[in-house]
Amino acid sequence: MAETATVYEPGTHPDLPPPATEVGVIGWLRQNLFSNWWNSLLTVVGLYLAWAAFAPLIQWAILDADWVGDTRDACSSGGACWVFVNVRINQFMYGFYPLEEQWRVNLTGIIFALSLAWLMVPRIPGKRYGALFVLIVFPIIAYYLLGGGSFGLPEVETTRWGGLMLTLILATAGIVAAFPLGILLALGRRSQMPIVRALSIAYIELWRGVPLITVLFMSSVMLPLFLPEGVYFDKLLRALIGIFMFQAAYIAEVVRGGLQAIPKGQYEAADALGLSYWKKMRLVILPQALKLVIPGIVNTFNELFKDTTLVLIIGLMDLLAIIKTSLEDPNWLGYSIEGYVFAGVVFWIFCFGMSRYSMAIERKLHTGHKR
Amino acid sequence: MKIKNLIASGALLAVGTLPVAHAGATLDAVKSKGFVQCGVSTGLPGFSATNDKGEWTGLDVDVCRAVAAAVFGDASKVKYTPLTAKERFTALQSGEIDMLSRNTTWTLTRDTNLGLNFAGVNYYDGQGFMVHKSLGVKSAKELDGAAICIQAGTTTELNLADYFRSNGMKYEAITYDTSDETVKGFEAGRCDVLTSDQSQLYALRIKLKDPKGAMVLPEVISKEPLGPVVRNGDEDWLKVVRWSLFAMVNAEEMGVTSKNVDEVKKTTKDPGKQRLLGLSGIGGKGLKVGDDWAYSIIKQVGNYGEAFERNVGMDSPLKIARGLNALWSKGGIQYAPPIR
Amino acid sequence: MSHKSNDEAPAAPSFWRDPRKRQWIFQILVLALVGLLFAYIFHNTLYNLEKRGISTGFDFLNHEAGFNILMSLIPYDETYTYGRTFLVGLLNTLLVSAIGIVFATLIGFLVGVARLSSNWIISRLANLYIEVFRNLPLLLQILFWYFAILPLLPHPRQSIQIGELFLNKRGLYLPKPIFEPGFGWVLAALGLAIVASILIARWAHRRQEATGQPFPVFWTSLGLIVLLPWLAYGLAGFPLNWDLPELRGFNFRGGIGVIPELFALALALSIYTAAYIAEIVRSGIQSVSHGQTEAAYALGLKPGQTLRLVIIPQAMRVIIPQLTSQYLNLTKNSSLAPAIGYPDLVAVFAGTTLNQTGQAVEIIGMTMGVYLVISLTISAFMNWYNKRMALVER
Amino acid sequence: MSDSKKTHPVPEGLPAVQMQGVHKWYGEFHVLKNINLDVDRGERIVICGPSGSGKSTMIRCINRLEEHQKGHIIVDGTELTSDVKNIEIIRREVGMVFQHFNLFPHLTVLENCTLAPIWVRKMPKAEAEETAMHFLEKVRIPEQAQKYPGQLSGGQQQRVAIARSLCMSPRIMLFDEPTSALDPEMIKEVLDTMIELAETGMTMLCVTHEMGFAKTVANRVVFMDGGEIIETNDPHQFFDNPQHERTQLFLSQILQH
């Protein structure tokens with residue numbers, strides 16, 4: 001009872017600073033790293049692991065790396081040879097899209113980014129129009145802008161599309177196209193009509209049950225067999241059809257989650273107002289449900305974005321595929337690690353960004369729903 | 001909304017029937033659309049690969065370009081569709097491509113059962129083995145018990161199994177999807193041997209960090225005549241493709257190259273060369289193309305020897321010897337019917 | 001819903017305005033449309049297959065395959081049929097999925113718990129693990145692990161040897177047990193020990209309920225399960241031989257070989273899926289409110305007991321359904337095997353066999369069917385589980 | 001109820017709880033300032049004060065749900081330190097009832113009550129169930145024993161929570177605002193239960209704003225504000241004649257309702 005050197009009247013005890021071991025750097029260290037011997041051991045092991053993993057990586061990727069040059073002779077210091085990536089960067093981004101037409105890709109990208117911002121930034125009004133724009137108007141614009149062949153734009157066949165651009169197109173088009181069907185399927189699955197419900201469930205379970213790789217095989221090898229003789233689709237379109245069918249099932253499940261989260265009272269209120277089924281869904285239920293499923297949709301998109309790497313097995317030149325092709329160039333043999341690391345970094349940045357965004361939204365929705 | 005649904009589904013079916021290719025008359029269709037749609041491999045050094053400008057190059061690609069040169073007098077009027085092994089025949093059958101030039105082996109089944117026609121052979125190949133020199137193996141007969149990296153192909157696994165069975169040997173096969181992984185597996189020592197078509201062995205060898213540390217064994221365990229393919233039942237188009245190839249071989253035989261073709265055209269007195277270059281004889285009428293069709297091929301693509309050396313031979317990183325692909329007059333089996 | 005009729009049924013609405021009839025008409029139309037679509041596809045396919053001279057039917061399953069497969073759990077060589085290759089591929093898929101699931105669960109729970117650690121470094125590292133591996137395409141990761149591991153292993157002639165165990169680039173070679181006639185006794189003893197352990201556990205449980213006395217069930221059972229078979233083994237005269245791996249020519253022969261492709265694929269699948277499982281575990285544990293822990297502590301339960309008796313039973317209800325769907329994903333993702341030459345179903349059946357026979361419709365159909373059956377089985381289990389759990393909760 | 005053998009022996013002559021110069025900080029925030037409080041056996045103390053005054057924190061320090069940084073807390077003669085053994089001993093002897101009940105939703109009411117006796121006191125299951133039923137009868141809900149907490153009303157849940165604590169035969173009970181999450185008609189049933197418990201002579205520390213309860217059962221009322229004990233007084237003195245102006249202000253605010 002060493003305390004009470006000073007005695008305070010009740011109600012006048014001042015706020016004293018905490019003991020040094022509780023706050024500041026020391027307190028933080030003690031609480032978070034060395035609170036007991038077990039924790040201290042973990043800290044030391046953890047630090048060692050981190051060091052063992054990152055030190056050589058940084059050495060190779062940054063400290064010892066070569067960055068500038070035009071040929072492989074520029075790579076002499078033993079670290080990573082980013083010159084290889086540097087030389088090929090245009091191909092990695094745009095595939096074989098003609099250099100002088102690449103502004104079209106950029107423009108499409110900018111329009112897409114702006115319309116996404118429209119949808120994502122809460123302050124910008126008119127979300128419904130934004131969604132309509134992204135789902136209907138934008139695909140048309142993108143189609144003409146990227147494909148060309150009209151409005152005085154020279155045609156660029158889809159076989160020239162590639163790289164990150166194709167990766168983004170596949171993932172975006174997959175999601176955008178699958179969205180309406182996904183919503184219909186979700187409604188179908190919750191419908192009271194037995195046949196509609198059974199068909200929806202069959203569709204969803206069927207597509208969710210198989211790996212994307214077999215779906216892509218199917219769309220690339222089998223789809224032409226399903227169509228009348230002489231009819232064929234563009235290869236990219238075939239892959240997209242596969243992705244679209246596959247993705248619709250996943251979106252349906254995400255949307256169903258949203259529909260289920262809407263309280264029953266909302267359905268009843270809409271019925272009580274005399275709204276027909278479609279009006280009820282369009283005006284009352286879906287606007288609320290779709291807001292709830294944004295994180296789910298972003299996650300689905302994230303998964304699809306990573307999965308687009310599989311299109312290389314059907315001969316489409318997405319980012320990973322084009323990097324692999326460039327590894328075949330006799331002038332740049334032996335730099336596959338750099339290529340794969342670059343692919344990894346690009347994918348990681350996109351996926352990490354998306355997962356962060358979805359988490360942020362989730363947190364916001366969460367607080368918004370707390371009463 | 002029932003009606004809406006009906007209309008929508010009707011539209012869906014209608015869309016499905018829009019892009020109709022012209023099945024019977026490829027040549028006319030090609031002429032009217034203004035380019036040749038050519039199916040190539042998704043990436044095979046020396047045969048079809050893209051350079052850093054994104055242009056397709058290679059021996060198979062040159063066949064496509066030769067056909068375009070014959071039809072349009074312009075070798076650049078080609079559009080390429082990269083295809084995987086699984087897709088290639090379906091793509092041709094469905095009309096997605098006009099011709100397939102994708103290191104495809106000419107076999108009885110394919111020629112008869114798949115509704116295809118092989119137009120000729122632009123490369124005589126055969127499956128072979130590559131080993132690490134340090135292994136000390138000199139012949140494929142010494143490979144009993146070896147681990148073998150295979151690049152998945154349509155006949156590769158079967159040829160290998162046949163060969164080892166007939167020689168009473170055992171092996172362990174690691175089958176990779178793409179050449180990049182196959183080479184890396186071989187390089188990392190996962191297997192003792194890498195097997196593939198010989199042409200590809202050379203291409204794969206230069207992808208090694210130490211190409212000199214690996215050697216190709218002398219045994220060739222299969223016949224792989226590779227050539228361009230078209231759809232069955234379209235004679236006109238078959239002949240254009242076939243004779244485009246023959247023209248290149250004939251040109252080499254006569255010593256006409258892309259460099260001297262203009263000179264030869266002006267000065268030659270040789271009736272064979274005159275016929276080749278459309279100065280006399282039947283010209284392009286039988287093929288329903290311009291009389292200078294062969295001239296265009298030679299001028300823009302080069303003769304067979306040029307194409308070979310440029311893409312896979314001594315002027316390329318692959319450095320494959322002519323071997324079987326030398327002209328018949330020089331010990332090989334490349335032989336073309338005369339243009340007469 | 002059911003509306004018992006009064007004296008008079010209400011006047012039936014005219015045909016078009018009866019919602020129930022309208023629904024039925026709509027449904028019949030939809031069904032007809034789907035049927036038409038299928039008929040159309042079916043017709044086209046048949047026509048195309050015939051026109052293009054592609055053979056149909058499942059006869060090919062009885063044809064000789066003629067190619068070798070790197071790894072097989074059942075006897076196989078190139079003289080077996082395509083039907084057999086299907087089976088070999090399927091078993092390999094199931095094997096790598098099962099291994100992947102076990103390790104993904106272990107790593108996932110570990111990382112998930114580490115993520116919640118009070119140790120800042122540990123929780124940051126766990127978070128780093130999750131963010132890195134979750135946000136990279138799986139295909140890249142599979143390639144990375146395979147080609148990262150291979151160079152680390154020695155050539156067969158310089159194998160790492162531990163006893164009769166050999167590790168090299170061709171894989172891990174273990175002695176293979178060869179059972180001789182008397183071995184049945186050992187198995188019988190093992191069975192007996194297991195049955196005895198179960199009985200003891202039941203007895204101990206009853207005793208604890210009755211008297212509160214705990215009984216060291218674990219150690220007793222362990223002792224039984226280890227000792228009894230050994231005893232039988234000795235009494236029967238050591239009826240077991242080992243087929244030892246031996247370096248002959250290029251490679252090891254004999255014994256059991258575990259190929260590096262299996263190892264790398266299982267590793268990549270586990271590490272990737274574990275990142276998702278870790279998040280599921282974290283959110284599952286966090287979904288149990290802190291008050292539960294406090295209440296358990298206040299009752300005097302130790303942290304371990306709290307975790308086992310209070311937190312985990314509640315967290316598992318959130319975790320299990322999501323976990324199952326991750327298991328499903330892992331199984332589907334094992335189809336990336338061909339990239340590194342692991343002979344799974346897609347590699348040997350939808351790959352090589354498809355290339356040989358060209359019967360895309362049948363082969364892709366069968367392959368999809370297999371995954372579908374697996375997935376439907378698992379979701380049936382999940383529905384059953386959810387229903388059971390829902391009963392407990394109410 | 002007979003105490004099981006493993007119960008910690010009662011140290012004679014010591015107060016049930018001694019708090020001497022206890023300080024606690026949350027980071028830079030000084031939440032408990034020089035708390036000195038002795039609780040005698042059988043004493044019933046009501047702690048009140050405005051929200052954020054540190055009342056809950058103080059009683060949560062007593063069973064170490066919160067860690068104090070300075071001073072001494074001695075419960076039943078055992079000092080609370082970071083020694084895990086001591087914490088175990090004390091938690092076994094101190095029961096706690098929470099504002100939000102914190103019943104285990106995956107266990108039935110009966111299982112909630114028998115969990116700790118079986119696992120902590122190593123009591124035979126049959127005996128534990130007997131004890132549990134005894135206390136469930138005491139709180140007048142034996143018929144709910146097989147139900148799950150989610151099926152009960154708030155008041156019933158809180159009574160189960162009290163019964164659950166009592167099953168451990170604690171010597172001291174801590175109540176952390178036990179009625180503030182309840183609807184008015186349910187408050188009474190919980191308070192009645194608590195009053196009955198008080199009549200058995202249980203040592204109780206109770207954070208509550210129920211002034212009626214304080215007047216009926218408390219031996220002492222402790223008023224806290226700003227992390228300090230401002231005033232400790234006999235309940236009648238406390239309500240009728242508060243000494244400190246802050247106490248007066250507080251009382252005037254809550255008595256307006």
# chains A, B, ... in the order shown; residues from 1 in each chain; ligands from 1
$ interface_residues --of "chain C" --to "chain D" --cutoff "12 Å" --atoms "only C-alpha atoms" --output "ChimeraX atom specification"
/C:204-215,288-306,308-317,389-394
$ closest_atom_pairs --of "region 89-194 of chain C" --to "region 165-185 of chain B" --cutoff "9 Å" --atoms "only C-alpha atoms" --output "CSV"
residue,atom,partner,partner_atom,distance
C:Leu143,CA,B:Glu181,CA,8.4
C:Phe147,CA,B:Lys184,CA,7.5
C:Leu150,CA,B:Gly185,CA,8.1
$ residues_around --residues "Ala275 (chain C)" --least-positions-apart "6" --cutoff "7 Å" --atoms "only C-alpha atoms" --output "PDB file with all heavy atoms, in the first residue's frame"
ATOM      1  N   GLY C 108      -5.618 -23.953 -42.258  1.00  0.00           N
ATOM      2  CA  GLY C 108      -6.641 -22.923 -42.160  1.00  0.00           C
ATOM      3  C   GLY C 108      -7.007 -22.615 -40.718  1.00  0.00           C
ATOM      4  O   GLY C 108      -7.096 -21.450 -40.329  1.00  0.00           O
ATOM      5  N   TYR C 129      -0.460 -13.806 -44.751  1.00  0.00           N
ATOM      6  CA  TYR C 129      -0.676 -15.105 -45.393  1.00  0.00           C
ATOM      7  C   TYR C 129      -2.019 -15.097 -46.137  1.00  0.00           C
ATOM      8  O   TYR C 129      -2.092 -15.443 -47.317  1.00  0.00           O
ATOM      9  CB  TYR C 129      -0.669 -16.203 -44.331  1.00  0.00           C
ATOM     10  CG  TYR C 129      -1.024 -17.571 -44.849  1.00  0.00           C
ATOM     11  CD1 TYR C 129      -0.038 -18.490 -45.169  1.00  0.00           C
ATOM     12  CD2 TYR C 129      -2.358 -17.947 -45.027  1.00  0.00           C
ATOM     13  CE1 TYR C 129      -0.360 -19.743 -45.655  1.00  0.00           C
ATOM     14  CE2 TYR C 129      -2.680 -19.195 -45.517  1.00  0.00           C
ATOM     15  CZ  TYR C 129      -1.687 -20.082 -45.823  1.00  0.00           C
ATOM     16  OH  TYR C 129      -2.017 -21.310 -46.319  1.00  0.00           O
ATOM     17  N   ILE C 130      -3.048 -14.670 -45.424  1.00  0.00           N
ATOM     18  CA  ILE C 130      -4.387 -14.691 -46.024  1.00  0.00           C
ATOM     19  C   ILE C 130      -4.439 -13.798 -47.253  1.00  0.00           C
ATOM     20  O   ILE C 130      -4.885 -14.203 -48.323  1.00  0.00           O
ATOM     21  CB  ILE C 130      -5.435 -14.241 -44.991  1.00  0.00           C
ATOM     22  CG1 ILE C 130      -5.532 -15.275 -43.864  1.00  0.00           C
ATOM     23  CG2 ILE C 130      -6.791 -14.047 -45.657  1.00  0.00           C
ATOM     24  CD1 ILE C 130      -6.316 -14.791 -42.672  1.00  0.00           C
ATOM     25  N   PHE C 133      -2.146 -15.221 -50.323  1.00  0.00           N
ATOM     26  CA  PHE C 133      -2.521 -16.446 -51.018  1.00  0.00           C
ATOM     27  C   PHE C 133      -3.948 -16.425 -51.545  1.00  0.00           C
ATOM     28  O   PHE C 133      -4.278 -17.136 -52.478  1.00  0.00           O
ATOM     29  CB  PHE C 133      -2.292 -17.660 -50.128  1.00  0.00           C
ATOM     30  CG  PHE C 133      -0.837 -17.919 -49.904  1.00  0.00           C
ATOM     31  CD1 PHE C 133      -0.257 -17.736 -48.669  1.00  0.00           C
ATOM     32  CD2 PHE C 133      -0.032 -18.305 -50.960  1.00  0.00           C
ATOM     33  CE1 PHE C 133       1.092 -17.956 -48.477  1.00  0.00           C
ATOM     34  CE2 PHE C 133       1.321 -18.520 -50.778  1.00  0.00           C
ATOM     35  CZ  PHE C 133       1.878 -18.345 -49.530  1.00  0.00           C
ATOM     36  N   ARG C 134      -4.772 -15.586 -50.944  1.00  0.00           N
ATOM     37  CA  ARG C 134      -6.149 -15.538 -51.419  1.00  0.00           C
ATOM     38  C   ARG C 134      -6.250 -14.734 -52.710  1.00  0.00           C
ATOM     39  O   ARG C 134      -7.163 -14.922 -53.488  1.00  0.00           O
ATOM     40  CB  ARG C 134      -7.018 -14.886 -50.352  1.00  0.00           C
ATOM     41  CG  ARG C 134      -8.398 -15.436 -50.295  1.00  0.00           C
ATOM     42  CD  ARG C 134      -9.082 -14.916 -49.091  1.00  0.00           C
ATOM     43  NE  ARG C 134      -8.943 -13.466 -49.000  1.00  0.00           N
ATOM     44  CZ  ARG C 134      -9.873 -12.692 -48.470  1.00  0.00           C
ATOM     45  NH1 ARG C 134     -10.967 -13.212 -48.025  1.00  0.00           N
ATOM     46  NH2 ARG C 134      -9.692 -11.410 -48.379  1.00  0.00           N
TER      47      ARG C 134
END
$ atom_distance --atom1 "CA of Ile28 (chain C)" --atom2 "CA of Gln266 (chain A)"
29.7 Å
$ residues_around --residues "Gly242 (chain A)" --least-positions-apart "5" --cutoff "7 Å" --atoms "only C-alpha atoms" --output "list in words"
Val215, Leu216 and Ser219 of chain A
$ residues_around --residues "region 287-299 of chain B" --least-positions-apart "4" --cutoff "6 Å" --atoms "only C-alpha atoms" --output "PDB file with all heavy atoms, in the first residue's frame"
ATOM      1  N   ALA B  66       1.420 -17.984 -97.760  1.00  0.00           N
ATOM      2  CA  ALA B  66       1.560 -18.368 -99.166  1.00  0.00           C
ATOM      3  C   ALA B  66       0.187 -18.472 -99.820  1.00  0.00           C
ATOM      4  O   ALA B  66      -0.012 -18.015-100.953  1.00  0.00           O
ATOM      5  CB  ALA B  66       2.312 -19.692 -99.255  1.00  0.00           C
ATOM      6  N   ALA B  69      -1.079 -15.121-100.472  1.00  0.00           N
ATOM      7  CA  ALA B  69      -0.368 -14.522-101.596  1.00  0.00           C
ATOM      8  C   ALA B  69      -0.914 -15.064-102.903  1.00  0.00           C
ATOM      9  O   ALA B  69      -1.091 -14.326-103.883  1.00  0.00           O
ATOM     10  CB  ALA B  69       1.127 -14.812-101.471  1.00  0.00           C
ATOM     11  N   ALA B  70      -1.206 -16.363-102.940  1.00  0.00           N
ATOM     12  CA  ALA B  70      -1.721 -16.960-104.163  1.00  0.00           C
ATOM     13  C   ALA B  70      -3.104 -16.407-104.503  1.00  0.00           C
ATOM     14  O   ALA B  70      -3.394 -16.083-105.642  1.00  0.00           O
ATOM     15  CB  ALA B  70      -1.783 -18.482-104.003  1.00  0.00           C
ATOM     16  N   VAL B  71      -3.956 -16.270-103.493  1.00  0.00           N
ATOM     17  CA  VAL B  71      -5.332 -15.854-103.752  1.00  0.00           C
ATOM     18  C   VAL B  71      -5.418 -14.358-104.017  1.00  0.00           C
ATOM     19  O   VAL B  71      -6.079 -13.909-104.948  1.00  0.00           O
ATOM     20  CB  VAL B  71      -6.244 -16.236-102.569  1.00  0.00           C
ATOM     21  CG1 VAL B  71      -7.668 -15.721-102.809  1.00  0.00           C
ATOM     22  CG2 VAL B  71      -6.257 -17.739-102.389  1.00  0.00           C
ATOM     23  N   GLY B  73      -2.584 -12.132-104.006  1.00  0.00           N
ATOM     24  CA  GLY B  73      -1.356 -11.453-104.364  1.00  0.00           C
ATOM     25  C   GLY B  73      -0.800 -10.652-103.200  1.00  0.00           C
ATOM     26  O   GLY B  73       0.037  -9.777-103.362  1.00  0.00           O
ATOM     27  N   VAL B 240      -5.864 -25.025-104.186  1.00  0.00           N
ATOM     28  CA  VAL B 240      -5.135 -23.771-103.956  1.00  0.00           C
ATOM     29  C   VAL B 240      -4.103 -23.972-102.851  1.00  0.00           C
ATOM     30  O   VAL B 240      -2.931 -23.589-102.996  1.00  0.00           O
ATOM     31  CB  VAL B 240      -6.110 -22.625-103.590  1.00  0.00           C
ATOM     32  CG1 VAL B 240      -5.338 -21.398-103.138  1.00  0.00           C
ATOM     33  CG2 VAL B 240      -7.005 -22.295-104.757  1.00  0.00           C
ATOM     34  N   ALA B 247       4.299 -24.924-104.990  1.00  0.00           N
ATOM     35  CA  ALA B 247       4.999 -23.831-105.653  1.00  0.00           C
ATOM     36  C   ALA B 247       6.259 -23.460-104.881  1.00  0.00           C
ATOM     37  O   ALA B 247       7.303 -23.190-105.462  1.00  0.00           O
ATOM     38  CB  ALA B 247       4.074 -22.617-105.773  1.00  0.00           C
ATOM     39  N   SER B 258      13.070 -15.331-103.088  1.00  0.00           N
ATOM     40  CA  SER B 258      12.382 -14.050-102.993  1.00  0.00           C
ATOM     41  C   SER B 258      13.305 -12.923-103.452  1.00  0.00           C
ATOM     42  O   SER B 258      12.844 -11.887-103.917  1.00  0.00           O
ATOM     43  CB  SER B 258      11.942 -13.805-101.540  1.00  0.00           C
ATOM     44  OG  SER B 258      13.055 -13.851-100.683  1.00  0.00           O
ATOM     45  N   LEU B 277       6.302 -18.877-112.894  1.00  0.00           N
ATOM     46  CA  LEU B 277       6.017 -17.467-112.604  1.00  0.00           C
ATOM     47  C   LEU B 277       4.848 -16.943-113.412  1.00  0.00           C
ATOM     48  O   LEU B 277       4.582 -15.744-113.422  1.00  0.00           O
ATOM     49  CB  LEU B 277       7.267 -16.633-112.866  1.00  0.00           C
ATOM     50  CG  LEU B 277       8.455 -17.028-111.972  1.00  0.00           C
ATOM     51  CD1 LEU B 277       9.680 -16.191-112.314  1.00  0.00           C
ATOM     52  CD2 LEU B 277       8.103 -16.879-110.501  1.00  0.00           C
ATOM     53  N   GLY B 278       4.170 -17.836-114.092  1.00  0.00           N
ATOM     54  CA  GLY B 278       2.942 -17.446-114.781  1.00  0.00           C
ATOM     55  C   GLY B 278       3.198 -16.718-116.078  1.00  0.00           C
ATOM     56  O   GLY B 278       2.322 -16.023-116.603  1.00  0.00           O
ATOM     57  N   GLY B 283      -0.866 -20.983-116.006  1.00  0.00           N
ATOM     58  CA  GLY B 283      -1.008 -19.856-115.079  1.00  0.00           C
ATOM     59  C   GLY B 283      -1.892 -20.216-113.905  1.00  0.00           C
ATOM     60  O   GLY B 283      -1.806 -21.305-113.365  1.00  0.00           O
ATOM     61  N   ASN B 303      10.793 -19.196-101.169  1.00  0.00           N
ATOM     62  CA  ASN B 303      10.632 -20.601-101.506  1.00  0.00           C
ATOM     63  C   ASN B 303      10.715 -21.438-100.235  1.00  0.00           C
ATOM     64  O   ASN B 303      10.980 -20.922 -99.154  1.00  0.00           O
ATOM     65  CB  ASN B 303      11.625 -21.039-102.582  1.00  0.00           C
ATOM     66  CG  ASN B 303      13.062 -21.014-102.090  1.00  0.00           C
ATOM     67  OD1 ASN B 303      13.336 -21.259-100.907  1.00  0.00           O
ATOM     68  ND2 ASN B 303      13.984 -20.706-102.995  1.00  0.00           N
TER      69      ASN B 303
END
$ interface_residues --of "chain C" --to "chain A" --cutoff "8 Å" --atoms "only C-alpha atoms" --output "VMD selection string"
chain C and resid 23 to 24 27 30 to 31 41 to 42 44 to 45 48 to 49 118 to 122 125 131 to 132 135 to 140 332 to 333 335 to 336 360 to 361 364 367 to 369 371 to 376
$ write_last_selection --atoms "C-alpha atoms" --output "CSV table (one decimal), in the first residue's frame"
chain,number,residue,atom,x,y,z
C,23,GLN,CA,-48.8,-19.6,-63.3
C,24,TRP,CA,-49.3,-23.1,-64.7
C,27,GLN,CA,-44.6,-22.9,-66.2
C,30,VAL,CA,-41.1,-22.4,-69.7
C,31,LEU,CA,-40.8,-26.2,-69.6
C,41,ILE,CA,-29.1,-29.0,-79.2
C,42,PHE,CA,-29.6,-32.8,-79.2
C,44,ASN,CA,-27.8,-30.5,-83.9
C,45,THR,CA,-25.2,-32.6,-82.0
C,48,ASN,CA,-23.0,-32.8,-86.5
C,49,LEU,CA,-21.4,-35.9,-85.0
C,118,SER,CA,-3.1,-11.2,-29.2
C,119,ASN,CA,0.5,-11.2,-30.5
C,120,TRP,CA,0.7,-8.4,-33.1
C,121,ILE,CA,3.4,-10.1,-35.2
C,122,ILE,CA,1.6,-13.4,-35.3
C,125,LEU,CA,1.8,-12.6,-40.4
C,131,GLU,CA,-4.1,-11.6,-48.2
C,132,VAL,CA,-1.2,-13.0,-50.3
C,135,ASN,CA,-5.4,-12.9,-54.0
C,136,LEU,CA,-3.2,-14.8,-56.4
C,137,PRO,CA,-4.6,-17.1,-59.1
C,138,LEU,CA,-4.4,-20.7,-58.1
C,139,LEU,CA,-2.8,-21.7,-61.3
C,140,LEU,CA,0.2,-19.4,-60.7
C,332,LYS,CA,-13.1,-28.7,-58.3
C,333,ASN,CA,-9.8,-26.8,-58.3
C,335,SER,CA,-8.8,-30.0,-62.0
C,336,LEU,CA,-5.8,-27.7,-62.6
C,360,ALA,CA,-15.7,-34.8,-76.6
C,361,VAL,CA,-19.3,-35.1,-75.8
C,364,ILE,CA,-16.6,-34.0,-71.1
C,367,THR,CA,-16.0,-35.6,-66.4
C,368,MET,CA,-18.6,-33.0,-65.5
C,369,GLY,CA,-20.8,-35.8,-64.2
C,371,TYR,CA,-17.7,-33.5,-60.3
C,372,LEU,CA,-21.4,-33.0,-60.2
C,373,VAL,CA,-22.0,-36.2,-58.3
C,374,ILE,CA,-19.3,-35.2,-55.8
C,375,SER,CA,-20.7,-31.8,-55.3
C,376,LEU,CA,-24.3,-33.0,-55.0
$ atom_distance --atom1 "CA of Ala75 (chain B)" --atom2 "CA of Val30 (chain B)"
13.5 Å
$ residues_around --residues "Glu245 (chain D)" --least-positions-apart "3" --cutoff "12 Å" --atoms "only C-alpha atoms" --output "number ranges by chain"
A: 10-11; D: 223, 225, 230-231, 238, 241-242, 248-252
$ select_by_dssp --residues "region 111-299 of chain B" --states "strand (DSSP E or B)" --output "MDAnalysis selection string"
chainID B and resid 116:118 123:125 127:132 146:151 171:176 193:197 214:216 224:226 229:231
$ interface_residues --of "chain B" --to "chain A" --cutoff "10 Å" --atoms "only C-alpha atoms" --output "VMD selection string"
chain B and resid 1 16 to 23 41 to 46 49 to 56 79 to 91 93 to 97 177 to 181 184 203 to 204 206 to 210 316 to 318
$ interface_residues --of "chain D" --to "chain A" --cutoff "8 Å" --atoms "only C-alpha atoms" --output "number ranges by chain"
D: 20-21, 25, 27-30, 33, 69, 71-72, 225-226, 228-231
$ residues_around --residues "Ile99 (chain C)" --least-positions-apart "6" --cutoff "9 Å" --atoms "only C-alpha atoms" --output "mmCIF file with N, CA, C and O atoms, in the first residue's frame"
data_model
loop_
_atom_site.group_PDB
_atom_site.id
_atom_site.type_symbol
_atom_site.label_atom_id
_atom_site.label_comp_id
_atom_site.auth_asym_id
_atom_site.auth_seq_id
_atom_site.Cartn_x
_atom_site.Cartn_y
_atom_site.Cartn_z
ATOM 1 N N ALA C 266 -1.140 -30.935 -53.917
ATOM 2 C CA ALA C 266 -1.829 -30.944 -52.626
ATOM 3 C C ALA C 266 -1.397 -29.737 -51.795
ATOM 4 O O ALA C 266 -2.218 -29.085 -51.145
ATOM 5 N N LEU C 267 -0.112 -29.414 -51.863
ATOM 6 C CA LEU C 267 0.402 -28.269 -51.112
ATOM 7 C C LEU C 267 -0.250 -26.973 -51.589
ATOM 8 O O LEU C 267 -0.759 -26.180 -50.789
ATOM 9 N N SER C 270 -3.862 -26.851 -50.663
ATOM 10 C CA SER C 270 -4.061 -26.626 -49.227
ATOM 11 C C SER C 270 -3.775 -25.182 -48.872
ATOM 12 O O SER C 270 -4.537 -24.548 -48.143
#
